[in-house]
$ cat entry.txt   # compact mmCIF, C-alpha atoms and all ligand atoms
# COMPACT_ATOMS: atom_id res chain seq x y z
CA MET A 1 -218.25 150.84 -71.91
CA GLU A 2 -214.97 149.67 -73.43
CA HIS A 3 -215.13 146.84 -75.92
CA VAL A 4 -213.51 143.46 -75.23
CA GLU A 5 -213.09 141.37 -78.38
CA ILE A 6 -214.15 137.76 -78.21
CA PHE A 7 -211.70 135.53 -80.09
CA ASP A 8 -213.31 132.12 -80.41
CA THR A 9 -210.95 129.17 -80.74
CA THR A 10 -213.51 126.35 -80.47
CA LEU A 11 -212.54 125.22 -83.97
CA ARG A 12 -208.78 125.23 -83.24
CA ASP A 13 -207.82 124.82 -79.55
CA GLY A 14 -211.29 123.37 -78.79
CA GLU A 15 -210.99 120.82 -81.55
CA GLN A 16 -207.70 119.59 -80.04
CA VAL A 17 -209.77 117.62 -77.50
CA PRO A 18 -209.02 113.93 -78.10
CA GLY A 19 -211.89 112.32 -79.99
CA CYS A 20 -213.57 115.62 -80.92
CA LYS A 21 -212.15 116.19 -84.39
CA LEU A 22 -214.64 117.84 -86.73
CA ASN A 23 -215.02 117.48 -90.49
CA THR A 24 -215.32 120.50 -92.78
CA GLY A 25 -219.13 120.40 -92.88
CA GLN A 26 -219.33 120.41 -89.06
CA LYS A 27 -216.78 123.21 -88.80
CA LEU A 28 -218.74 125.28 -91.31
CA ARG A 29 -222.01 124.83 -89.40
CA ILE A 30 -220.37 125.92 -86.14
CA ALA A 31 -218.55 128.85 -87.79
CA ALA A 32 -221.85 130.16 -89.21
CA GLN A 33 -223.38 130.08 -85.70
CA LEU A 34 -220.34 131.75 -84.13
CA ASP A 35 -220.66 134.56 -86.67
CA GLU A 36 -224.36 134.96 -85.75
CA LEU A 37 -223.46 134.88 -82.06
CA GLY A 38 -221.32 137.98 -82.60
CA VAL A 39 -217.76 136.79 -81.93
CA ASP A 40 -215.12 139.20 -83.25
CA VAL A 41 -212.60 136.57 -84.36
CA ILE A 42 -212.99 132.93 -85.37
CA GLU A 43 -209.80 130.91 -85.17
CA ALA A 44 -210.76 128.42 -87.87
CA GLY A 45 -207.85 126.01 -87.58
CA PHE A 46 -204.16 125.30 -88.09
CA PRO A 47 -203.96 125.13 -91.91
CA VAL A 48 -200.55 123.46 -92.25
CA SER A 49 -201.54 120.66 -89.84
CA SER A 50 -203.53 118.59 -92.38
CA PRO A 51 -205.17 118.90 -95.81
CA GLY A 52 -208.56 118.63 -94.09
CA ASP A 53 -207.84 121.56 -91.80
CA PHE A 54 -206.52 123.59 -94.76
CA GLN A 55 -209.81 122.94 -96.55
CA SER A 56 -211.85 123.85 -93.45
CA VAL A 57 -210.05 127.17 -93.01
CA THR A 58 -210.42 127.95 -96.73
CA GLU A 59 -214.19 127.25 -96.68
CA ILE A 60 -214.75 129.15 -93.42
CA ALA A 61 -212.83 132.12 -94.86
CA LYS A 62 -215.26 132.13 -97.82
CA LEU A 63 -218.35 131.72 -95.63
CA VAL A 64 -217.92 134.13 -92.71
CA LYS A 65 -219.44 137.57 -93.24
CA ASN A 66 -218.72 139.55 -90.09
CA ALA A 67 -215.95 138.08 -87.95
CA THR A 68 -212.23 138.15 -88.65
CA VAL A 69 -211.09 134.67 -89.70
CA CYS A 70 -207.79 133.57 -88.23
CA GLY A 71 -205.38 130.71 -88.94
CA LEU A 72 -202.71 129.44 -86.53
CA THR A 73 -199.06 128.93 -87.48
CA ARG A 74 -195.74 128.26 -85.81
CA ALA A 75 -192.95 130.77 -86.39
CA VAL A 76 -192.12 128.87 -89.56
CA GLU A 77 -192.29 130.31 -93.11
CA LYS A 78 -193.99 127.24 -94.59
CA ASP A 79 -196.78 127.42 -91.95
CA ILE A 80 -197.29 131.10 -92.71
CA ASP A 81 -197.37 130.51 -96.49
CA VAL A 82 -200.04 127.82 -96.06
CA ALA A 83 -202.13 129.92 -93.65
CA ALA A 84 -202.00 132.91 -96.01
CA GLU A 85 -203.20 130.69 -98.86
CA ALA A 86 -206.08 129.27 -96.78
CA LEU A 87 -207.14 132.75 -95.68
CA LYS A 88 -206.97 134.41 -99.08
CA TYR A 89 -210.78 134.57 -99.50
CA ALA A 90 -211.46 135.98 -96.03
CA LYS A 91 -213.02 139.45 -95.78
CA ARG A 92 -210.90 140.05 -92.67
CA PRO A 93 -207.96 137.63 -92.52
CA ARG A 94 -205.63 137.31 -89.53
CA ILE A 95 -202.48 135.19 -89.21
CA HIS A 96 -201.74 134.01 -85.67
CA THR A 97 -198.06 133.18 -85.37
CA GLY A 98 -195.72 132.74 -82.44
CA ILE A 99 -193.16 130.81 -80.49
CA GLY A 100 -192.47 129.52 -76.95
CA THR A 101 -190.84 132.09 -74.68
CA SER A 102 -190.52 130.44 -71.25
CA GLU A 103 -187.19 129.13 -70.00
CA SER A 104 -188.37 125.54 -70.38
CA HIS A 105 -189.61 126.04 -73.96
CA ILE A 106 -186.40 127.85 -74.97
CA LYS A 107 -184.19 125.20 -73.40
CA TYR A 108 -186.07 121.92 -73.99
CA LYS A 109 -188.36 122.58 -76.96
CA PHE A 110 -186.08 124.71 -79.08
CA ASN A 111 -182.65 124.05 -77.55
CA THR A 112 -181.77 127.65 -78.33
CA THR A 113 -181.11 131.04 -76.69
CA PRO A 114 -183.40 133.92 -75.70
CA ASP A 115 -181.79 136.11 -78.39
CA LYS A 116 -182.61 133.57 -81.09
CA ILE A 117 -186.24 133.50 -79.88
CA LEU A 118 -186.40 137.29 -80.24
CA GLU A 119 -185.05 137.00 -83.79
CA ARG A 120 -187.52 134.29 -84.76
CA ALA A 121 -190.42 136.24 -83.27
CA TYR A 122 -189.47 139.32 -85.31
CA GLU A 123 -189.00 137.34 -88.52
CA ALA A 124 -192.27 135.42 -88.20
CA VAL A 125 -194.37 138.55 -87.66
CA ALA A 126 -192.55 140.48 -90.41
CA TYR A 127 -193.05 137.57 -92.81
CA ALA A 128 -196.76 137.20 -91.96
CA LYS A 129 -197.12 140.97 -92.53
CA THR A 130 -196.13 140.47 -96.17
CA PHE A 131 -199.46 138.59 -96.62
CA VAL A 132 -201.97 140.27 -94.28
CA GLU A 133 -202.28 143.51 -92.34
CA ASP A 134 -203.68 141.84 -89.20
CA VAL A 135 -201.03 139.69 -87.48
CA GLU A 136 -201.43 138.32 -83.98
CA PHE A 137 -198.31 137.13 -82.16
CA TYR A 138 -198.44 134.52 -79.36
CA ALA A 139 -195.72 134.08 -76.76
CA GLU A 140 -196.39 130.44 -75.92
CA ASP A 141 -196.12 129.65 -72.18
CA ALA A 142 -196.14 133.38 -71.39
CA GLY A 143 -197.72 132.40 -68.07
CA ARG A 144 -194.36 130.94 -66.97
CA THR A 145 -192.19 133.43 -68.85
CA ASP A 146 -190.17 135.97 -66.89
CA ASN A 147 -191.95 139.33 -67.28
CA GLU A 148 -188.83 141.25 -68.32
CA PHE A 149 -188.08 138.85 -71.16
CA LEU A 150 -191.75 138.73 -72.14
CA ALA A 151 -191.76 142.53 -72.43
CA LYS A 152 -188.75 142.29 -74.80
CA VAL A 153 -190.56 139.70 -76.94
CA CYS A 154 -193.66 141.89 -77.09
CA ALA A 155 -191.62 144.95 -78.07
CA VAL A 156 -189.97 143.01 -80.91
CA ALA A 157 -193.33 141.72 -82.17
CA ILE A 158 -194.74 145.25 -82.16
CA LYS A 159 -191.71 146.52 -84.07
CA ALA A 160 -192.27 143.82 -86.68
CA GLY A 161 -195.87 144.97 -87.14
CA ALA A 162 -198.04 142.78 -84.85
CA THR A 163 -201.54 144.15 -84.28
CA VAL A 164 -202.45 141.84 -81.38
CA LEU A 165 -200.22 140.27 -78.71
CA ASN A 166 -201.46 137.03 -77.24
CA ILE A 167 -200.20 136.25 -73.70
CA PRO A 168 -201.11 132.57 -73.25
CA ASP A 169 -201.08 130.84 -69.89
CA THR A 170 -200.48 127.70 -71.90
CA THR A 171 -200.17 125.36 -68.93
CA GLY A 172 -202.91 126.95 -66.81
CA TYR A 173 -200.43 127.65 -64.02
CA CYS A 174 -200.94 131.31 -63.13
CA LEU A 175 -202.99 132.60 -60.22
CA PRO A 176 -205.43 135.36 -61.21
CA ASP A 177 -203.48 138.11 -59.43
CA GLU A 178 -200.23 136.92 -61.06
CA TYR A 179 -201.77 136.82 -64.53
CA GLY A 180 -203.38 140.23 -63.99
CA ALA A 181 -200.05 141.63 -62.79
CA LYS A 182 -198.33 140.23 -65.90
CA ILE A 183 -200.76 142.10 -68.17
CA LYS A 184 -200.33 145.26 -66.08
CA TYR A 185 -196.54 144.95 -66.29
CA LEU A 186 -196.70 144.67 -70.09
CA MET A 187 -199.12 147.62 -70.31
CA GLU A 188 -196.64 149.72 -68.34
CA ASN A 189 -193.30 148.54 -69.72
CA VAL A 190 -193.58 147.69 -73.43
CA PRO A 191 -192.86 150.54 -75.84
CA GLY A 192 -195.76 150.94 -78.29
CA ILE A 193 -198.14 148.72 -76.28
CA HIS A 194 -201.00 151.21 -76.70
CA THR A 195 -200.92 150.75 -80.48
CA VAL A 196 -201.82 147.04 -80.17
CA ARG A 197 -204.40 144.89 -78.39
CA LEU A 198 -203.32 142.52 -75.62
CA SER A 199 -205.08 139.16 -75.60
CA CYS A 200 -205.69 136.63 -72.81
CA HIS A 201 -205.47 132.95 -73.74
CA CYS A 202 -205.83 130.91 -70.55
CA HIS A 203 -205.95 127.18 -69.97
CA ASN A 204 -207.90 125.51 -67.22
CA ASP A 205 -205.46 123.02 -65.66
CA LEU A 206 -206.15 124.45 -62.18
CA GLY A 207 -209.71 125.56 -62.93
CA LEU A 208 -208.59 129.21 -63.21
CA ALA A 209 -208.93 129.89 -66.95
CA THR A 210 -211.98 132.14 -66.63
CA ALA A 211 -210.71 133.96 -63.53
CA ASN A 212 -207.36 134.60 -65.22
CA ALA A 213 -208.92 135.98 -68.39
CA ILE A 214 -211.07 138.33 -66.32
CA ALA A 215 -207.99 139.44 -64.33
CA GLY A 216 -206.33 140.10 -67.69
CA VAL A 217 -209.05 142.41 -69.00
CA ILE A 218 -209.32 144.21 -65.65
CA ASN A 219 -205.62 145.04 -66.10
CA GLY A 220 -205.82 146.28 -69.67
CA ALA A 221 -206.10 143.36 -72.10
CA ARG A 222 -208.89 143.89 -74.66
CA GLN A 223 -209.29 140.46 -76.21
CA ILE A 224 -210.23 137.13 -74.64
CA GLU A 225 -209.52 133.82 -76.39
CA CYS A 226 -212.09 131.25 -75.40
CA THR A 227 -214.15 128.26 -76.49
CA VAL A 228 -217.79 127.28 -76.30
CA ASN A 229 -218.32 125.06 -73.22
CA GLY A 230 -214.68 125.75 -72.25
CA ILE A 231 -213.45 122.79 -74.28
CA GLY A 232 -209.82 122.53 -75.35
CA GLU A 233 -206.46 120.91 -74.85
CA ARG A 234 -206.29 118.92 -71.54
CA ALA A 235 -208.62 120.60 -69.02
CA GLY A 236 -209.76 123.12 -71.62
CA ASN A 237 -209.74 126.86 -72.23
CA THR A 238 -211.54 129.87 -70.84
CA SER A 239 -215.24 129.31 -71.41
CA LEU A 240 -216.86 131.80 -73.80
CA GLU A 241 -220.25 131.80 -72.08
CA GLU A 242 -218.67 132.42 -68.68
CA VAL A 243 -216.58 135.47 -69.64
CA VAL A 244 -219.41 136.98 -71.64
CA MET A 245 -221.85 136.69 -68.73
CA ILE A 246 -219.31 137.87 -66.14
CA LEU A 247 -218.74 141.09 -68.08
CA ARG A 248 -222.48 141.49 -68.62
CA GLN A 249 -223.47 140.85 -64.99
CA HIS A 250 -220.77 143.17 -63.60
CA PRO A 251 -221.38 146.54 -65.29
CA LYS A 252 -219.01 148.20 -62.83
CA LEU A 253 -216.15 146.67 -64.85
CA ASN A 254 -217.26 148.94 -67.71
CA LEU A 255 -216.38 146.25 -70.27
CA ALA A 256 -218.73 144.88 -72.91
CA THR A 257 -218.73 142.32 -75.73
CA ASN A 258 -220.76 142.07 -78.94
CA ILE A 259 -222.17 138.65 -78.04
CA ASP A 260 -225.90 138.01 -78.42
CA SER A 261 -226.21 136.18 -75.08
CA LYS A 262 -229.63 134.68 -75.92
CA ARG A 263 -227.82 132.37 -78.34
CA LEU A 264 -225.46 130.92 -75.71
CA LEU A 265 -227.46 127.82 -74.83
CA GLY A 266 -228.16 127.05 -78.51
CA ILE A 267 -224.52 127.17 -79.55
CA SER A 268 -223.46 125.21 -76.46
CA LYS A 269 -225.83 122.38 -77.43
CA MET A 270 -224.70 122.47 -81.04
CA VAL A 271 -221.00 122.25 -80.16
CA ALA A 272 -221.65 119.47 -77.62
CA GLU A 273 -223.55 117.47 -80.23
CA GLU A 274 -221.17 117.99 -83.15
CA MET A 275 -218.15 117.14 -80.99
CA GLY A 276 -219.84 114.31 -79.10
CA MET A 277 -218.72 115.92 -75.85
CA MET A 278 -221.57 116.42 -73.41
CA VAL A 279 -221.65 119.36 -71.02
CA GLN A 280 -221.46 118.56 -67.29
CA ALA A 281 -224.79 119.27 -65.56
CA ASN A 282 -223.27 121.78 -63.12
CA LYS A 283 -221.43 123.78 -65.83
CA ALA A 284 -221.93 127.51 -65.28
CA ILE A 285 -224.44 129.21 -67.63
CA VAL A 286 -225.17 126.28 -69.97
CA GLY A 287 -225.22 123.16 -67.75
CA GLU A 288 -228.54 121.36 -67.30
CA ASN A 289 -228.60 122.37 -63.61
CA ALA A 290 -227.46 125.99 -64.05
CA PHE A 291 -231.03 127.19 -63.41
CA ALA A 292 -232.42 124.20 -61.49
CA HIS A 293 -233.28 124.49 -57.80
CA SER A 294 -233.71 121.44 -55.62
CA SER A 295 -233.33 122.23 -51.94
CA GLY A 296 -236.39 123.31 -49.95
CA ILE A 297 -234.79 126.52 -48.64
CA HIS A 298 -233.79 127.70 -52.13
CA GLN A 299 -237.05 126.63 -53.74
CA ASP A 300 -239.09 128.56 -51.19
CA GLY A 301 -237.07 131.70 -51.98
CA MET A 302 -237.28 131.16 -55.75
CA ILE A 303 -241.06 130.75 -55.66
CA LYS A 304 -241.34 134.06 -53.78
CA ASN A 305 -238.88 135.92 -55.99
CA ARG A 306 -236.46 134.53 -58.60
CA GLU A 307 -233.72 136.98 -57.64
CA THR A 308 -233.31 135.42 -54.19
CA TYR A 309 -231.28 132.60 -55.73
CA GLU A 310 -230.52 133.59 -59.35
CA ILE A 311 -228.09 136.26 -60.51
CA ILE A 312 -228.88 135.73 -64.20
CA ASN A 313 -232.27 135.76 -65.87
CA PRO A 314 -232.31 132.37 -67.65
CA LYS A 315 -233.99 133.96 -70.69
CA ASP A 316 -230.85 136.12 -71.17
CA VAL A 317 -228.83 133.02 -72.06
CA GLY A 318 -231.54 131.23 -74.03
CA VAL A 319 -232.94 129.05 -71.23
CA ASN A 320 -236.77 129.14 -71.22
CA GLU A 321 -237.23 129.18 -67.47
CA SER A 322 -235.72 128.11 -64.17
CA SER A 323 -236.82 124.75 -62.86
CA ILE A 324 -237.95 123.59 -59.47
CA VAL A 325 -236.74 119.99 -59.17
CA LEU A 326 -238.44 117.79 -56.60
CA THR A 327 -236.15 115.64 -54.47
CA ALA A 328 -236.13 114.39 -50.88
CA ARG A 329 -234.59 117.77 -49.97
CA SER A 330 -237.59 119.71 -51.31
CA GLY A 331 -240.12 121.41 -49.08
CA ARG A 332 -243.88 121.94 -49.02
CA SER A 333 -243.88 125.09 -51.10
CA ALA A 334 -242.01 123.38 -53.97
CA LEU A 335 -244.39 120.42 -53.89
CA ALA A 336 -247.43 122.75 -53.88
CA TYR A 337 -245.92 124.78 -56.75
CA ARG A 338 -245.18 121.76 -58.95
CA ALA A 339 -248.52 120.09 -58.10
CA LYS A 340 -250.38 123.30 -59.02
CA ASN A 341 -248.67 123.27 -62.45
CA ILE A 342 -250.36 119.92 -63.14
CA GLY A 343 -253.77 120.83 -61.76
CA TYR A 344 -253.77 120.24 -57.98
CA ASP A 345 -254.76 123.10 -55.70
CA PHE A 346 -254.10 121.77 -52.19
CA THR A 347 -255.59 123.13 -48.98
CA LYS A 348 -253.10 123.43 -46.13
CA LEU A 349 -254.35 120.16 -44.67
CA ASP A 350 -254.15 118.33 -48.03
CA LEU A 351 -250.63 119.59 -48.48
CA ASP A 352 -249.55 118.28 -45.07
CA ILE A 353 -250.93 114.83 -45.91
CA VAL A 354 -249.53 114.65 -49.44
CA TYR A 355 -246.18 116.02 -48.28
CA SER A 356 -245.74 113.26 -45.70
CA GLU A 357 -246.33 110.67 -48.47
CA PHE A 358 -244.04 112.67 -50.78
CA VAL A 359 -240.97 112.58 -48.49
CA ASN A 360 -241.22 108.82 -48.04
CA PHE A 361 -241.53 108.36 -51.79
CA ALA A 362 -238.71 110.85 -52.53
CA ASP A 363 -236.32 108.92 -50.28
CA THR A 364 -236.64 105.95 -52.66
CA CYS A 365 -235.60 107.79 -55.84
CA LYS A 366 -233.38 110.58 -57.17
CA ILE A 367 -236.00 112.90 -58.66
CA VAL A 368 -239.79 113.05 -58.28
CA THR A 369 -241.50 113.56 -61.64
CA ASP A 370 -244.97 114.89 -62.54
CA ASN A 371 -246.17 111.30 -63.00
CA ASP A 372 -244.87 110.49 -59.53
CA ILE A 373 -246.88 113.41 -58.11
CA HIS A 374 -250.09 111.94 -59.59
CA TYR A 375 -249.19 108.60 -58.02
CA ILE A 376 -248.41 110.17 -54.61
CA VAL A 377 -251.76 112.05 -54.64
CA GLU A 378 -253.61 108.82 -55.45
CA MET A 379 -251.80 107.00 -52.64
CA SER A 380 -252.67 109.81 -50.24
CA LYS A 381 -256.33 109.64 -51.31
CA ASN A 382 -256.39 105.91 -50.59
CA LYS A 383 -255.15 106.46 -47.08
CA PHE A 384 -256.72 109.77 -46.08
CA GLN A 385 -259.67 111.97 -46.85
CA LEU A 386 -258.44 114.78 -49.15
CA SER A 387 -260.63 117.73 -50.08
CA LEU A 388 -259.50 117.52 -53.74
O1 LIG B 401 -202.13 127.57 -75.32
C1 LIG B 401 -201.39 128.13 -76.17
O2 LIG B 401 -200.32 128.64 -75.88
C2 LIG B 401 -201.87 128.13 -77.55
C3 LIG B 401 -201.07 128.93 -78.53
C4 LIG B 401 -200.77 128.13 -79.73
C5 LIG B 401 -201.80 130.20 -78.84
O3 LIG B 401 -202.89 127.57 -77.85
ZN ZN B 402 -204.10 127.11 -76.07

$ encode --input "entry.txt" --output "structure tokens"
Amino acid sequence: MEHVEIFDTTLRDGEQVPGCKLNTGQKLRIAAQLDELGVDVIEAGFPVSSPGDFQSVTEIAKLVKNATVCGLTRAVEKDIDVAAEALKYAKRPRIHTGIGTSESHIKYKFNTTPDKILERAYEAVAYAKTFVEDVEFYAEDAGRTDNEFLAKVCAVAIKAGATVLNIPDTTGYCLPDEYGAKIKYLMENVPGIHTVRLSCHCHNDLGLATANAIAGVINGARQIECTVNGIGERAGNTSLEEVVMILRQHPKLNLATNIDSKRLLGISKMVAEEMGMMVQANKAIVGENAFAHSSGIHQDGMIKNRETYEIINPKDVGVNESSIVLTARSGRSALAYRAKNIGYDFTKLDLDIVYSEFVNFADTCKIVTDNDIHYIVEMSKNKFQLSL
């Protein structure tokens, strides 16, 4: 299996979610868990952005034992000086520098020319190299950058000494086949590309961040930038738990990560709590309903064999067990299963009677609980002769 590095940016891009700012203590707690989880790189923050973020990056650099610790900068000397200072205690420091490369960024953000962007890219990487060996270059808005120009930018960054090239779909615009083709184009057209690692950094504005990152690694990228629970600027980033489990559940891709998947639910809950940003119930892998089954047809299959309706063993992601949720859409087998768990062993006739009470009751509420089952059995006993 080839190794795909997991670059976690929960503490940088993830923390850009409005209202989710973390203090240094919170960032340290999350960083320690990310290191245990097995991420290869922790993007700890944007050191020049505030004294608090500088302090957080400095403390994380001191704390983290295994992962590379990375700090973001613009292609600006002052930013790079400050990041280098914040990272000076890191065992494995990385400076992440870059500049916008799309037509709209060149024209409206920088009011400059493509040649000037090439110069600034070279200078920023070369300057960062005077502080650390490991320099990642990002071509902001690469998703909307013309591939020929993007290849020129990448070649310049490699010449200046970049070790990793980040190809962000900053606005979440690309379709998976377009993003995959972009990575393939760079793999085939940039001199020296095989001496560096290409990285996918995808945003979720059209709900394609995970699909795009996977298309990227299928076409030769070997790093994915992602966040726990997929949080991040606007609609968020590629979700860490999703890409990790996609690679794990599809061995034919021949790509593996170092992530200890049993820790995924734990870290998801921790990040949700520290950030005050709850996870939607239907979120893949870590949502409350990711392993909950409520319709009669599915429940019947699940009770016979879990694999009929689950492609992941819940234990593999830290979920104790799948759940059979009773609703008005549930069938007899689910009711019998849940009732048995709380001590009722129905005959076929009992089950028919209790089930007819159950469906009437279930129509009046959203979910039928264990307490409700006791109540429904008592009601049934009052009306009919049960053999219980
Ligand atoms: O989305 C983006 O382009 C970024 C860069 C700063 C890496 O977050
Ligand atoms: Zn981003």

$ closest_residue --input "entry.txt" --among "A:Leu87, A:Val82, A:Ile167, A:Ala75" --to "ligand ZN 402 (chain B)" --atoms "all atoms listed in the file"
A:Ile167

$ residues_around --input "entry.txt" --residues "A:Asp260" --least-positions-apart "2" --cutoff "6 Å" --atoms "only C-alpha atoms" --output "ChimeraX atom specification"
/A:37,262-263

$ residues_near_ligand --input "entry.txt" --ligand "ligand LIG 401 (chain B)" --cutoff "6 Å" --atoms "all atoms listed in the file" --output "list in words"
Asp13, Tyr138, Glu140, Asp141, Pro168 and Thr170 of chain A

$ residues_near_ligand --input "entry.txt" --ligand "ligand ZN 402 (chain B)" --cutoff "10 Å" --atoms "only C-alpha atoms and all ligand atoms" --output "list of chain:residue names"
A:Thr9, A:Arg12, A:Asp13, A:Gly14, A:Gln16, A:Tyr138, A:Glu140, A:Asp141, A:Pro168, A:Asp169, A:Thr170, A:Thr171, A:Gly172, A:His201, A:Cys202, A:His203, A:Asn204, A:Glu225, A:Cys226, A:Gly232, A:Glu233, A:Arg234, A:Gly236, A:Asn237, A:Thr238

$ residues_around --input "entry.txt" --residues "A:Asn189" --least-positions-apart "6" --cutoff "10 Å" --atoms "only C-alpha atoms" --output "number ranges by chain"
A: 147-148, 151-152, 154-155, 183

$ write_last_selection --input "entry.txt" --atoms "C-alpha atoms" --output "PDB file, keeping the file's coordinate frame"
ATOM      1  CA  ASN A 147    -191.950 139.330 -67.280  1.00  0.00           C
ATOM      2  CA  GLU A 148    -188.830 141.250 -68.320  1.00  0.00           C
ATOM      3  CA  ALA A 151    -191.760 142.530 -72.430  1.00  0.00           C
ATOM      4  CA  LYS A 152    -188.750 142.290 -74.800  1.00  0.00           C
ATOM      5  CA  CYS A 154    -193.660 141.890 -77.090  1.00  0.00           C
ATOM      6  CA  ALA A 155    -191.620 144.950 -78.070  1.00  0.00           C
ATOM      7  CA  ILE A 183    -200.760 142.100 -68.170  1.00  0.00           C
TER       8      ILE A 183
END

$ atom_distance --input "entry.txt" --atom1 "atom CA of A:Val325" --atom2 "atom CA of A:Leu386"
24.5 Å

$ residues_around --input "entry.txt" --residues "A:Tyr337" --least-positions-apart "2" --cutoff "10 Å" --atoms "only C-alpha atoms" --output "mmCIF file with C-alpha atoms, in the frame of the given file"
data_model
loop_
_atom_site.group_PDB
_atom_site.id
_atom_site.type_symbol
_atom_site.label_atom_id
_atom_site.label_comp_id
_atom_site.auth_asym_id
_atom_site.auth_seq_id
_atom_site.Cartn_x
_atom_site.Cartn_y
_atom_site.Cartn_z
ATOM 1 C CA GLN A 299 -237.050 126.630 -53.740
ATOM 2 C CA ASP A 300 -239.090 128.560 -51.190
ATOM 3 C CA ILE A 303 -241.060 130.750 -55.660
ATOM 4 C CA ILE A 324 -237.950 123.590 -59.470
ATOM 5 C CA ARG A 332 -243.880 121.940 -49.020
ATOM 6 C CA SER A 333 -243.880 125.090 -51.100
ATOM 7 C CA ALA A 334 -242.010 123.380 -53.970
ATOM 8 C CA LEU A 335 -244.390 120.420 -53.890
ATOM 9 C CA ALA A 339 -248.520 120.090 -58.100
ATOM 10 C CA LYS A 340 -250.380 123.300 -59.020
ATOM 11 C CA ASN A 341 -248.670 123.270 -62.450
ATOM 12 C CA ILE A 342 -250.360 119.920 -63.140
ATOM 13 C CA TYR A 344 -253.770 120.240 -57.980
ATOM 14 C CA ASP A 345 -254.760 123.100 -55.700
ATOM 15 C CA PHE A 346 -254.100 121.770 -52.190
#

$ residues_near_point --input "entry.txt" --point "(-198.9, 120.1, -94.1)" --cutoff "9 Å" --atoms "only C-alpha atoms" --output "list in words"
Pro47, Val48, Ser49, Ser50, Pro51, Phe54, Lys78, Asp79 and Val82 of chain A

$ residues_around --input "entry.txt" --residues "A:Ala181" --least-positions-apart "2" --cutoff "12 Å" --atoms "all atoms listed in the file" --output "list in words"
Gly143, Asn147, Cys174, Leu175, Pro176, Asp177, Glu178, Tyr179, Ile183, Lys184, Tyr185, Leu186, Met187, Glu188, Asn189, Asn212, Ala213, Ala215, Gly216, Val217, Ile218, Asn219, Gly220 and Ala221 of chain A

$ closest_residue --input "entry.txt" --among "A:Glu119, A:Glu274, A:Glu241, A:Asp53" --to "A:Gln26" --atoms "all atoms listed in the file"
A:Glu274

$ atom_distance --input "entry.txt" --atom1 "atom CA of A:Val244" --atom2 "atom CA of A:Ala281"
19.5 Å

$ residues_around --input "entry.txt" --residues "A:Gly98" --least-positions-apart "6" --cutoff "9 Å" --atoms "all atoms listed in the file" --output "PyMOL selection string"
chain A and resi 72-76+120-121+124-125+136-140+166

$ residues_near_point --input "entry.txt" --point "(-218.5, 146.7, -73.5)" --cutoff "6 Å" --atoms "all atoms listed in the file" --output "list in words"
Met1, Glu2, His3, Leu255, Ala256 and Thr257 of chain A

$ atom_distance --input "entry.txt" --atom1 "atom CA of A:Leu240" --atom2 "atom CA of A:Lys65"
20.4 Å

$ closest_residue --input "entry.txt" --among "A:Thr97, A:Ser356, A:Asn371, A:Asn289" --to "A:Tyr127" --atoms "all atoms listed in the file"
A:Thr97

$ decode --input "entry.txt" --residues "stretch 55-62 of chain A" --atoms "N, CA, C and O atoms" --output "CSV table (one decimal), in the first residue's frame"
chain,number,residue,atom,x,y,z
A,55,GLN,N,1.1,32.3,20.3
A,55,GLN,CA,1.4,31.5,21.5
A,55,GLN,C,0.9,30.0,21.3
A,55,GLN,O,1.6,29.1,21.7
A,56,SER,N,-0.3,29.9,20.7
A,56,SER,CA,-0.8,28.5,20.5
A,56,SER,C,0.2,27.7,19.7
A,56,SER,O,0.5,26.5,20.0
A,57,VAL,N,0.7,28.3,18.6
A,57,VAL,CA,1.6,27.5,17.7
A,57,VAL,C,2.9,27.2,18.5
A,57,VAL,O,3.4,26.1,18.4
A,58,THR,N,3.4,28.1,19.2
A,58,THR,CA,4.6,27.9,20.0
A,58,THR,C,4.4,26.7,21.0
A,58,THR,O,5.2,25.8,21.1
A,59,GLU,N,3.3,26.8,21.7
A,59,GLU,CA,3.1,25.7,22.7
A,59,GLU,C,2.8,24.4,22.1
A,59,GLU,O,3.3,23.3,22.6
A,60,ILE,N,2.1,24.3,20.9
A,60,ILE,CA,1.9,23.1,20.2
A,60,ILE,C,3.2,22.5,19.7
A,60,ILE,O,3.5,21.3,19.8
A,61,ALA,N,4.0,23.4,19.2
A,61,ALA,CA,5.4,23.0,18.7
A,61,ALA,C,6.2,22.3,19.8
A,61,ALA,O,6.8,21.3,19.6
A,62,LYS,N,6.0,22.8,21.0
A,62,LYS,CA,6.8,22.2,22.2
A,62,LYS,C,6.1,20.9,22.6
A,62,LYS,O,6.8,19.9,23.0
